[in-house]
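Here is the structure we will look at, set down as structure tokens.
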Amino acid sequence: MKVVLFCGGLGTRIREYPEPVPKPMITIGYRPILWHVMKYYAHYGHKDFILCLGYKADAVKNYFLNYDECVSNNFVLSNGGKKLRLMNSDIHDWNITLVDTGISSNIGQRLKAVEPYLKGESMFLANYSDGLTDLPLPEYIDHFLHRGRVGSFLAVKPSQSYHVASFEGDLVKGIQPLSSADIWINGGFFAFRTDIFEYMKDGEELVVEPFQRLIQVEQLVARRYDGFWMSMDTFKDKQQLDDLYNRGNAPWEVWKSAKNDRVEGSQEERKATKKRKAMIRNV
């Protein structure tokens with residue numbers, strides 16, 4: 001299944017970052033956050049990517065044109081440095097389509113711009129390129145397929161350290177952390193049938209007018225998830241993600257986490273995959 005990633009952001013709230021790079025290229029450890037998002041999808045078998053570029057598109061293009069597998073993989077160097085053998089690899093089987101979708105385009109415009117690259121697909125996945133999670137993706141896709149709607153997104157609890165107050169007039173009746181309130185936000189990780197384009201018009205922001213149309217005809221669902229989710233909106237967020245990574249406690253690295261490992265080739269997994277593929281064909 002193809003994965004559309006929106007990579008055109010300016011990252012204006014991360015001004016403390018020393019280099020003028022597009023937000024998806026801001027690093028966590030050895031690799032940009034965009035790579036971490038792609039690695040997450042690839043872990044679950046979705047390795048056909050469409051990158052919607054914008055601000056400093058050349059930085060993303062050059063990164064993949066000059067991709068160095070040695071940076072985040074073990075290797076053996078021999079014969080005086082003349083021979084290199086990789087112990088493992090990241091992107092050798094990824095298919096990456098890079099599309100310049102405009103510097104000032106909104107998310108809806110970027111998605112419309114890559115519609116031709118989704119021709120022949122019945123459904124696809126899409127996401128912002130600055131959010132990370134440990135969500136079991138196959139379960140999310142199954143939830144979407146069984147609901148039979150046009151669109152879905154991941155609903156998560158906000159992670160900011162604000163407090164929500166309730167009032168009676170100007171008298172405070174209660175106050176609690178935002179994360180404890182019954183408030184859910186759009187966390188990205190979209191799943192769409194290609195019918196979504198029938199609900200979109202030129203210039204519209206994806207989660208504004210098109211989503212309102214989906215809501216009116218009951219074609220939008222959400223999967224509420226209270227596991228790990230975090231977006232890199234500010235420099236403080238980057239520091240928190242760096243800290244998790246540096247402590248070896250990065251929940252989004254599902255490709256390393258034993259609790260999220262699936263037994264590939266098992267009878268149960270083959271049955272689930274076969275059923276999922278059949279449902280996608282029938283979407």
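Residue numbering restarts at 1 in every chain; chains get A, B, ... in the order shown in the structure tokens, and ligands count up from 1 in that same order.
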
Please identify all polymer residues within 9 Å of region 58-66 of chain A, counting only C-alpha atoms, omitting same-chain residues fewer than 5 positions from it, and present them as a PDB file with C-alpha atoms, in the first residue's frame.
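Heads up, here's the output in selection_11.pdb:
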ATOM      1  CA  CYS A   7       7.200  17.018   3.850  1.00  0.00           C
ATOM      2  CA  VAL A  21      16.422  22.713   6.838  1.00  0.00           C
ATOM      3  CA  PRO A  22      12.850  21.606   6.161  1.00  0.00           C
ATOM      4  CA  PRO A  24      11.133  16.665   8.215  1.00  0.00           C
ATOM      5  CA  MET A  25      14.934  16.762   7.915  1.00  0.00           C
ATOM      6  CA  LEU A  53       7.961  18.325  -0.940  1.00  0.00           C
ATOM      7  CA  ILE A  96      10.450   6.641  -3.066  1.00  0.00           C
ATOM      8  CA  LEU A  98       9.646  12.709  -4.620  1.00  0.00           C
TER       9      LEU A  98
END

Against region 106-129 of chain A, which residues of region 225-254 of chain A fall within 12 Å? For each one I want the closest pair of atoms and the distance in Å (one decimal), counting only C-alpha atoms, rows by chain and increasing residue number, as a Markdown table.
| residue | atom | partner | partner_atom | distance |
| --- | --- | --- | --- | --- |
| A:Met230 | CA | A:Ser129 | CA | 11.6 |
| A:Ser231 | CA | A:Ser129 | CA | 8.9 |
| A:Met232 | CA | A:Ser129 | CA | 9.3 |
| A:Asp233 | CA | A:Ser129 | CA | 10.9 |

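Of the listed residues A:Asp130, A:Ala57, A:Leu137, A:His92, the one whose atoms come nearest to Leu34 (chain A) is A:Asp130, with distances taken using only C-alpha atoms.
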
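Every protein or nucleic acid residue with an atom no more than 6 Å from Trp184 (chain A), counting only C-alpha atoms and leaving out same-chain residues fewer than 4 positions away, appears here: A:Ala155, A:Val156, A:Lys157.
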
Generate a file of the selected residues that holds N, CA and C atoms, formatted as a PDB file, in the first residue's frame.
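Result file follows (selection04.pdb):
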ATOM      1  N   ALA A 155      -6.711   9.267  16.527  1.00  0.00           N
ATOM      2  CA  ALA A 155      -7.091  10.236  17.553  1.00  0.00           C
ATOM      3  C   ALA A 155      -6.262   9.967  18.803  1.00  0.00           C
ATOM      4  N   VAL A 156      -5.572  11.002  19.274  1.00  0.00           N
ATOM      5  CA  VAL A 156      -4.673  10.847  20.415  1.00  0.00           C
ATOM      6  C   VAL A 156      -4.928  11.933  21.451  1.00  0.00           C
ATOM      7  N   LYS A 157      -4.424  11.709  22.648  1.00  0.00           N
ATOM      8  CA  LYS A 157      -4.505  12.719  23.699  1.00  0.00           C
ATOM      9  C   LYS A 157      -3.396  13.758  23.485  1.00  0.00           C
TER      10      LYS A 157
END

**Request:** Find, counting only C-alpha atoms, the residue in A:Gly169, A:Gly151, A:Gly203, A:Gly29 that gets nearest to Ser105 (chain A).
**Result:** A:Gly203

**Asked** What's the 10 Å shell around Tyr225 (chain A), counting only C-alpha atoms, without same-chain residues fewer than 2 positions away, as a PyMOL selection string?
**Response** chain A and resi 133-135+140+154-157+184+187+222-223+227-229

**Item:** Using only C-alpha atoms: which of A:Val221, A:Leu84, A:Asn186, A:Trp252 has the shortest distance to Val208 (chain A)
**Value:**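 For Val208 (chain A), the nearest of the given residues is A:Asn186.
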
Do you know which residues are at most 12 Å from Ser257 (chain A) counting only C-alpha atoms, after dropping those on the same chain fewer than 6 positions away, and could you put them as a PDB file with C-alpha atoms, in the first residue's frame?
ATOM      1  CA  TYR A  40       7.909   2.726  10.901  1.00  0.00           C
ATOM      2  CA  HIS A  43       8.507  -2.272   9.277  1.00  0.00           C
ATOM      3  CA  ASP A 134       4.142   2.778  18.552  1.00  0.00           C
ATOM      4  CA  PRO A 136       0.241  -1.442  15.807  1.00  0.00           C
ATOM      5  CA  GLY A 248      17.534   3.695  24.283  1.00  0.00           C
ATOM      6  CA  ASN A 249      13.847   4.133  25.093  1.00  0.00           C
ATOM      7  CA  ALA A 250      12.347   5.201  21.760  1.00  0.00           C
ATOM      8  CA  PRO A 251       8.861   3.618  21.662  1.00  0.00           C
TER       9      PRO A 251
END

**Item:** Atomic separation - CA of Ile33 (chain A) relative to CA of Gly9 (chain A), Å
**Value:**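 The value is 12.7 Å.
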
**Request:** Would you list, as a PyMOL selection string, the residues of region 17-191 of chain A that end up in strand (DSSP E) under DSSP run on this structure's backbone?
**Result:** chain A and resi 27-28+31-32+48-53+75-78+83-86+95-100+123-128+131-133+151-156+163-168+171-177+185-186+190-191

**Nearest residue to Ala191 (chain A) from the set A:Ser152, A:Ser104, A:Gln219, A:Asn79 (distances using only C-alpha atoms)** =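 Closest candidate: A:Ser152.
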